[in-house]
file final-v8.cif (mmCIF, C-alpha atoms, pLDDT in the B column; chains and numbers go by the auth columns)
data_work
#
loop_
_atom_site.group_PDB
_atom_site.id
_atom_site.type_symbol
_atom_site.label_atom_id
_atom_site.label_comp_id
_atom_site.label_asym_id
_atom_site.label_seq_id
_atom_site.Cartn_x
_atom_site.Cartn_y
_atom_site.Cartn_z
_atom_site.B_iso_or_equiv
_atom_site.auth_seq_id
_atom_site.auth_asym_id
ATOM 1 C CA MET A 1 -21.872 -6.311 1.722 55.00 1 A
ATOM 2 C CA LYS A 2 -23.917 -7.065 -1.304 68.00 2 A
ATOM 3 C CA PRO A 3 -22.682 -9.500 -3.968 81.00 3 A
ATOM 4 C CA LEU A 4 -20.892 -8.233 -7.056 84.00 4 A
ATOM 5 C CA THR A 5 -22.871 -8.125 -10.289 87.00 5 A
ATOM 6 C CA SER A 6 -21.411 -9.809 -13.363 88.00 6 A
ATOM 7 C CA LYS A 7 -20.311 -6.386 -14.688 89.00 7 A
ATOM 8 C CA GLN A 8 -18.611 -5.585 -11.383 89.00 8 A
ATOM 9 C CA ARG A 9 -16.912 -9.001 -11.335 88.00 9 A
ATOM 10 C CA GLN A 10 -15.644 -8.311 -14.847 90.00 10 A
ATOM 11 C CA LEU A 11 -14.226 -4.936 -13.712 90.00 11 A
ATOM 12 C CA VAL A 12 -12.395 -6.701 -10.882 91.00 12 A
ATOM 13 C CA THR A 13 -11.076 -9.437 -13.156 90.00 13 A
ATOM 14 C CA ASP A 14 -9.923 -6.924 -15.762 92.00 14 A
ATOM 15 C CA HIS A 15 -8.024 -4.873 -13.167 93.00 15 A
ATOM 16 C CA LEU A 16 -6.402 -7.513 -10.952 92.00 16 A
ATOM 17 C CA ASP A 17 -3.055 -6.494 -12.438 93.00 17 A
ATOM 18 C CA LEU A 18 -3.514 -3.051 -10.893 93.00 18 A
ATOM 19 C CA ALA A 19 -4.070 -4.531 -7.432 92.00 19 A
ATOM 20 C CA SER A 20 -1.135 -6.908 -7.781 92.00 20 A
ATOM 21 C CA ASN A 21 1.255 -4.233 -9.054 91.00 21 A
ATOM 22 C CA LEU A 22 0.326 -1.850 -6.251 91.00 22 A
ATOM 23 C CA ALA A 23 0.882 -4.578 -3.662 90.00 23 A
ATOM 24 C CA ILE A 24 4.288 -5.357 -5.158 89.00 24 A
ATOM 25 C CA LYS A 25 5.234 -1.672 -4.906 88.00 25 A
ATOM 26 C CA TYR A 26 4.709 -1.867 -1.122 85.00 26 A
ATOM 27 C CA ALA A 27 6.158 -5.367 -0.676 83.00 27 A
ATOM 28 C CA ASP A 28 9.504 -4.413 0.888 80.00 28 A
ATOM 29 C CA ILE A 29 8.010 -2.358 3.685 79.00 29 A
ATOM 30 C CA ALA A 30 5.263 -4.923 4.267 78.00 30 A
ATOM 31 C CA LYS A 31 7.793 -7.762 4.375 77.00 31 A
ATOM 32 C CA TYR A 32 9.872 -5.920 6.948 74.00 32 A
ATOM 33 C CA LEU A 33 6.757 -5.502 9.084 75.00 33 A
ATOM 34 C CA GLY A 34 5.960 -9.208 8.799 76.00 34 A
ATOM 35 C CA ILE A 35 3.120 -8.930 6.280 81.00 35 A
ATOM 36 C CA ASP A 36 3.220 -11.486 3.480 82.00 36 A
ATOM 37 C CA ILE A 37 3.044 -10.178 -0.104 84.00 37 A
ATOM 38 C CA GLU A 38 0.112 -12.493 -0.836 86.00 38 A
ATOM 39 C CA ASP A 39 -1.802 -10.945 2.062 85.00 39 A
ATOM 40 C CA LEU A 40 -1.016 -7.503 0.688 87.00 40 A
ATOM 41 C CA LYS A 41 -2.221 -8.567 -2.776 89.00 41 A
ATOM 42 C CA GLN A 42 -5.421 -9.876 -1.183 88.00 42 A
ATOM 43 C CA GLU A 43 -6.011 -6.555 0.577 88.00 43 A
ATOM 44 C CA ALA A 44 -5.480 -4.729 -2.726 90.00 44 A
ATOM 45 C CA ALA A 45 -7.936 -7.114 -4.411 90.00 45 A
ATOM 46 C CA TYR A 46 -10.452 -6.437 -1.663 89.00 46 A
ATOM 47 C CA GLY A 47 -10.007 -2.718 -2.363 90.00 47 A
ATOM 48 C CA LEU A 48 -10.642 -3.487 -6.023 90.00 48 A
ATOM 49 C CA CYS A 49 -13.908 -5.226 -5.094 90.00 49 A
ATOM 50 C CA MET A 50 -14.946 -2.270 -2.970 88.00 50 A
ATOM 51 C CA ALA A 51 -14.148 0.042 -5.881 90.00 51 A
ATOM 52 C CA ALA A 52 -16.322 -2.059 -8.189 90.00 52 A
ATOM 53 C CA LEU A 53 -19.182 -1.940 -5.692 88.00 53 A
ATOM 54 C CA ASN A 54 -18.978 1.843 -5.310 87.00 54 A
ATOM 55 C CA TYR A 55 -18.012 2.920 -8.824 88.00 55 A
ATOM 56 C CA ASP A 56 -20.348 5.247 -10.698 85.00 56 A
ATOM 57 C CA SER A 57 -19.528 5.222 -14.405 82.00 57 A
ATOM 58 C CA ASN A 58 -21.123 8.664 -14.730 83.00 58 A
ATOM 59 C CA THR A 59 -18.227 10.220 -12.812 76.00 59 A
ATOM 60 C CA GLN A 60 -15.313 11.797 -14.636 63.00 60 A
ATOM 61 C CA ALA A 61 -12.746 9.304 -13.316 81.00 61 A
ATOM 62 C CA THR A 62 -11.971 6.085 -15.142 89.00 62 A
ATOM 63 C CA PHE A 63 -12.482 2.898 -13.177 91.00 63 A
ATOM 64 C CA ARG A 64 -8.715 2.296 -13.066 91.00 64 A
ATOM 65 C CA THR A 65 -8.111 5.706 -11.458 89.00 65 A
ATOM 66 C CA TYR A 66 -10.975 5.167 -9.025 89.00 66 A
ATOM 67 C CA ALA A 67 -9.838 1.626 -8.161 91.00 67 A
ATOM 68 C CA HIS A 68 -6.249 2.795 -7.620 91.00 68 A
ATOM 69 C CA LYS A 69 -7.400 4.879 -4.648 88.00 69 A
ATOM 70 C CA TRP A 70 -9.376 2.001 -3.130 88.00 70 A
ATOM 71 C CA CYS A 71 -6.506 -0.467 -3.528 91.00 71 A
ATOM 72 C CA LEU A 72 -4.062 1.976 -1.948 87.00 72 A
ATOM 73 C CA LYS A 73 -6.458 2.548 0.916 86.00 73 A
ATOM 74 C CA TYR A 74 -6.507 -1.127 1.869 85.00 74 A
ATOM 75 C CA ILE A 75 -2.784 -1.635 1.279 87.00 75 A
ATOM 76 C CA THR A 76 -1.811 1.320 3.468 83.00 76 A
ATOM 77 C CA LEU A 77 -4.287 0.333 6.165 80.00 77 A
ATOM 78 C CA THR A 78 -2.736 -3.125 6.213 82.00 78 A
ATOM 79 C CA ILE A 79 0.766 -1.708 6.521 79.00 79 A
ATOM 80 C CA ARG A 80 -0.137 1.011 8.981 74.00 80 A
ATOM 81 C CA HIS A 81 -2.144 -1.212 11.327 69.00 81 A
ATOM 82 C CA GLY A 82 -0.136 -4.364 10.804 65.00 82 A
ATOM 83 C CA TYR A 83 -2.916 -6.792 10.069 54.00 83 A
ATOM 84 C CA SER A 84 -2.992 -9.539 7.501 46.00 84 A
ATOM 85 C CA ALA A 85 -5.747 -11.037 5.418 41.00 85 A
ATOM 86 C CA TYR A 86 -6.334 -14.768 5.438 35.00 86 A
ATOM 87 C CA THR A 87 -8.245 -16.249 2.561 35.00 87 A
ATOM 88 C CA VAL A 88 -9.896 -19.489 1.677 32.00 88 A
ATOM 89 C CA SER A 89 -8.697 -21.160 -1.497 33.00 89 A
ATOM 90 C CA LYS A 90 -11.122 -19.605 -3.965 33.00 90 A
ATOM 91 C CA PRO A 91 -10.547 -17.042 -6.708 41.00 91 A
ATOM 92 C CA VAL A 92 -9.955 -13.515 -5.516 41.00 92 A
ATOM 93 C CA GLU A 93 -12.676 -12.278 -7.901 40.00 93 A
ATOM 94 C CA ASP A 94 -15.216 -13.980 -5.668 38.00 94 A
ATOM 95 C CA TYR A 95 -14.669 -11.649 -2.734 38.00 95 A
ATOM 96 C CA GLU A 96 -17.650 -13.082 -0.872 37.00 96 A
ATOM 97 C CA SER A 97 -15.486 -16.153 -0.221 37.00 97 A
ATOM 98 C CA VAL A 98 -12.704 -14.154 1.416 35.00 98 A
ATOM 99 C CA LEU A 99 -12.460 -14.358 5.178 32.00 99 A
ATOM 100 C CA PHE A 100 -10.882 -11.307 6.753 36.00 100 A
ATOM 101 C CA ALA A 101 -9.280 -11.572 10.159 36.00 101 A
ATOM 102 C CA THR A 102 -6.991 -9.177 11.931 32.00 102 A
ATOM 103 C CA GLU A 103 -3.781 -10.038 13.630 38.00 103 A
ATOM 104 C CA SER A 104 -2.660 -6.929 15.445 42.00 104 A
ATOM 105 C CA ILE A 105 0.986 -6.050 15.794 49.00 105 A
ATOM 106 C CA ASP A 106 1.874 -4.286 19.014 55.00 106 A
ATOM 107 C CA GLU A 107 1.910 -0.548 18.207 60.00 107 A
ATOM 108 C CA LYS A 108 5.166 -0.005 20.112 68.00 108 A
ATOM 109 C CA GLU A 109 6.821 -2.858 18.214 70.00 109 A
ATOM 110 C CA LEU A 110 5.631 -1.395 14.918 66.00 110 A
ATOM 111 C CA GLN A 111 7.012 2.034 15.837 71.00 111 A
ATOM 112 C CA ARG A 112 10.319 0.469 16.883 77.00 112 A
ATOM 113 C CA LYS A 113 10.627 -1.364 13.573 75.00 113 A
ATOM 114 C CA MET A 114 9.818 1.785 11.634 76.00 114 A
ATOM 115 C CA ARG A 115 12.431 3.807 13.549 81.00 115 A
ATOM 116 C CA GLU A 116 15.004 1.103 12.882 82.00 116 A
ATOM 117 C CA LEU A 117 14.124 1.069 9.200 81.00 117 A
ATOM 118 C CA PHE A 118 14.210 4.864 8.833 85.00 118 A
ATOM 119 C CA ARG A 119 17.457 5.171 10.807 88.00 119 A
ATOM 120 C CA ASN A 120 19.248 4.128 7.625 86.00 120 A
ATOM 121 C CA LEU A 121 17.851 7.023 5.584 91.00 121 A
ATOM 122 C CA SER A 122 18.713 10.704 5.398 93.00 122 A
ATOM 123 C CA ARG A 123 16.093 13.132 6.743 93.00 123 A
ATOM 124 C CA ILE A 124 14.825 14.047 3.281 94.00 124 A
ATOM 125 C CA GLU A 125 14.647 10.365 2.262 92.00 125 A
ATOM 126 C CA GLU A 126 12.665 9.580 5.394 90.00 126 A
ATOM 127 C CA LYS A 127 10.281 12.472 4.723 91.00 127 A
ATOM 128 C CA VAL A 128 9.694 11.292 1.158 90.00 128 A
ATOM 129 C CA ILE A 129 9.140 7.639 2.132 86.00 129 A
ATOM 130 C CA ARG A 130 6.790 8.609 4.969 84.00 130 A
ATOM 131 C CA ARG A 131 4.735 10.732 2.590 86.00 131 A
ATOM 132 C CA VAL A 132 4.688 8.242 -0.302 82.00 132 A
ATOM 133 C CA TYR A 133 3.466 5.455 1.986 76.00 133 A
ATOM 134 C CA GLY A 134 1.314 7.618 4.248 75.00 134 A
ATOM 135 C CA PHE A 135 3.123 6.990 7.534 74.00 135 A
ATOM 136 C CA ASN A 136 2.167 9.646 10.116 65.00 136 A
ATOM 137 C CA VAL A 137 1.163 12.127 7.424 64.00 137 A
ATOM 138 C CA GLY A 138 -2.531 11.453 6.804 68.00 138 A
ATOM 139 C CA GLY A 139 -2.381 9.019 3.910 71.00 139 A
ATOM 140 C CA PRO A 140 -0.188 8.370 0.865 75.00 140 A
ATOM 141 C CA LYS A 141 0.735 11.272 -1.405 81.00 141 A
ATOM 142 C CA GLY A 142 2.005 11.539 -4.951 81.00 142 A
ATOM 143 C CA PHE A 143 5.374 12.916 -6.002 85.00 143 A
ATOM 144 C CA LYS A 144 3.812 16.169 -7.175 89.00 144 A
ATOM 145 C CA ASP A 145 2.111 16.812 -3.816 88.00 145 A
ATOM 146 C CA ILE A 146 5.240 15.855 -1.893 91.00 146 A
ATOM 147 C CA GLY A 147 7.336 18.129 -4.091 93.00 147 A
ATOM 148 C CA ARG A 148 4.987 21.024 -3.453 93.00 148 A
ATOM 149 C CA GLU A 149 5.116 20.371 0.289 92.00 149 A
ATOM 150 C CA LEU A 150 8.911 20.038 0.418 93.00 150 A
ATOM 151 C CA ARG A 151 9.472 22.796 -2.167 94.00 151 A
ATOM 152 C CA ILE A 152 11.305 20.596 -4.642 94.00 152 A
ATOM 153 C CA SER A 153 10.355 19.296 -8.072 92.00 153 A
ATOM 154 C CA PRO A 154 8.363 16.069 -8.484 87.00 154 A
ATOM 155 C CA GLU A 155 11.331 14.691 -10.446 90.00 155 A
ATOM 156 C CA ARG A 156 13.626 15.355 -7.480 93.00 156 A
ATOM 157 C CA VAL A 157 11.126 13.652 -5.166 91.00 157 A
ATOM 158 C CA HIS A 158 11.203 10.631 -7.476 88.00 158 A
ATOM 159 C CA GLN A 159 15.023 10.579 -7.407 91.00 159 A
ATOM 160 C CA ILE A 160 15.050 10.758 -3.611 92.00 160 A
ATOM 161 C CA TYR A 161 12.401 8.023 -3.442 86.00 161 A
ATOM 162 C CA ASP A 162 14.424 5.743 -5.755 84.00 162 A
ATOM 163 C CA LYS A 163 17.598 6.305 -3.708 89.00 163 A
ATOM 164 C CA ALA A 164 15.772 5.607 -0.427 87.00 164 A
ATOM 165 C CA MET A 165 14.128 2.465 -1.791 80.00 165 A
ATOM 166 C CA PHE A 166 17.515 1.236 -3.018 81.00 166 A
ATOM 167 C CA LYS A 167 18.904 1.717 0.504 83.00 167 A
ATOM 168 C CA LEU A 168 15.925 -0.045 2.061 78.00 168 A
ATOM 169 C CA GLU A 169 16.234 -2.963 -0.355 72.00 169 A
ATOM 170 C CA GLU A 170 19.932 -3.226 0.529 74.00 170 A
ATOM 171 C CA ILE A 171 19.337 -3.334 4.307 71.00 171 A
ATOM 172 C CA SER A 172 15.964 -5.050 4.387 61.00 172 A
ATOM 173 C CA PRO A 173 17.212 -8.670 4.352 53.00 173 A
ATOM 174 C CA SER A 174 19.523 -8.066 7.323 47.00 174 A
ATOM 175 C CA LEU A 175 16.798 -6.326 9.284 46.00 175 A
ATOM 176 C CA ILE A 176 14.292 -9.079 8.557 39.00 176 A
ATOM 177 C CA ALA A 177 16.762 -11.763 9.583 40.00 177 A
ATOM 178 C CA ASN A 178 17.205 -10.070 12.977 41.00 178 A
ATOM 179 C CA HIS A 179 13.492 -10.094 13.784 37.00 179 A
#

call {"tool": "encode", "arguments": {"input": "final-v8.cif", "output": "C-alpha cells"}}
result
Amino acid sequence: MKPLTSKQRQLVTDHLDLASNLAIKYADIAKYLGIDIEDLKQEAAYGLCMAALNYDSNTQATFRTYAHKWCLKYITLTIRHGYSAYTVSKPVEDYESVLFATESIDEKELQRKMRELFRNLSRIEEKVIRRVYGFNVGGPKGFKDIGRELRISPERVHQIYDKAMFKLEEISPSLIANH
C-alpha cells in the first residue's frame, strides 16, 4: 500500500469519530466472540485509511458516506472471520505503522457461539440482527432494506433491532462468563 498524503491523513484524522462510533455499535457482538473493542476500533480505522486512499472527491458521495462503507467492511470482516488486529503503539492515523495479524477462531466454535447467542431471540429478532450485522446474508443492510425484505416498515425494523439488542445486552455478560 502506498503512504497517505497529508490531505488523506487529514481526512482520516477528521473522521476517526466515525470509525470509533461504528466499532462501538458492534462492540457487544464482538465482545461475545472474543474480539476486543480496541481491535474493532483499529479495524474500523484501517477501513478509514483505505477509504482515504481510494476516495475520489469528484464522486457524488461525501467522504463520510464513502468511509462509512469501508469502516463497516472491515468491522464485519473482523466479526465474521473472528480475527483481531494487533497494533504497535503509534497513532492510528499513521496506518503504515499498524501490524495486522490474524488469529483465526475455529469456524465450528464461531457457529456454536452464534447459535447460542441467537437462541435467546425471537425469529424476527434473529433475522433483523443477522441482516443488520451481515451474518449469513451477504453483508450488512440498513433498516430500510431489511424492512423491504421482511415486508415491514423501517421504523418497525428499528424497534425490533432495539428490542433484540436490549436482550443481547442483558444476556451477554452471562454468556461471556461461561466461555

call {"tool": "atom_distance", "arguments": {"input": "final-v8.cif", "atom1": "atom CA of Glu149 of chain A", "atom2": "atom CA of Glu116 of chain A"}}
result
25.1 Å

call {"tool": "atom_distance", "arguments": {"input": "final-v8.cif", "atom1": "atom CA of Gln159 of chain A", "atom2": "atom CA of Gly47 of chain A"}}
result
28.8 Å

call {"tool": "atom_distance", "arguments": {"input": "final-v8.cif", "atom1": "atom CA of Asn58 of chain A", "atom2": "atom CA of Thr5 of chain A"}}
result
17.5 Å

call {"tool": "closest_residue", "arguments": {"input": "final-v8.cif", "among": "A:Pro154, A:Pro3, A:Gly139, A:Gly147", "to": "Lys69 of chain A", "atoms": "all atoms listed in the file"}}
result
A:Gly139

call {"tool": "closest_residue", "arguments": {"input": "final-v8.cif", "among": "A:Ile146, A:Cys49, A:Ala164, A:Ile79", "to": "His15 of chain A", "atoms": "only C-alpha atoms"}}
result
A:Cys49

call {"tool": "closest_residue", "arguments": {"input": "final-v8.cif", "among": "A:Ile160, A:Met114, A:Leu16, A:Ile171", "to": "Ala30 of chain A", "atoms": "only C-alpha atoms"}}
result
A:Met114

call {"tool": "residues_near_point", "arguments": {"input": "final-v8.cif", "point": "(8.3, 15.3, -8.5)", "cutoff": "9 Å", "atoms": "all atoms listed in the file", "output": "PyMOL selection string"}}
result
chain A and resi 142-148+152-159

call {"tool": "resolve_selection", "arguments": {"input": "final-v8.cif", "expression": "the PyMOL selection byres ((chain A and resi 36) around 12)", "output": "list in words"}}
result
Ala23, Ile24, Tyr26, Ala27, Asp28, Ile29, Ala30, Lys31, Tyr32, Leu33, Gly34, Ile35, Ile37, Glu38, Asp39, Leu40, Lys41, Gln42, Glu43, Ile75, Thr78, Ile79, Gly82, Tyr83, Ser84, Ala85 and Tyr86 of chain A

call {"tool": "resolve_selection", "arguments": {"input": "final-v8.cif", "expression": "the PyMOL selection byres ((chain A and resi 64) around 12)", "output": "list in words"}}
result
Leu11, Val12, Thr13, Asp14, His15, Leu16, Asp17, Leu18, Ala19, Gly47, Leu48, Ala51, Ala52, Tyr55, Ser57, Gln60, Ala61, Thr62, Phe63, Thr65, Tyr66, Ala67, His68, Lys69, Trp70 and Cys71 of chain A

call {"tool": "residues_around", "arguments": {"input": "final-v8.cif", "residues": "Leu4 of chain A", "least_positions_apart": "2", "cutoff": "8 Å", "atoms": "only C-alpha atoms", "output": "MDAnalysis selection string"}}
result
chainID A and resid 2 6:9 49 52:53
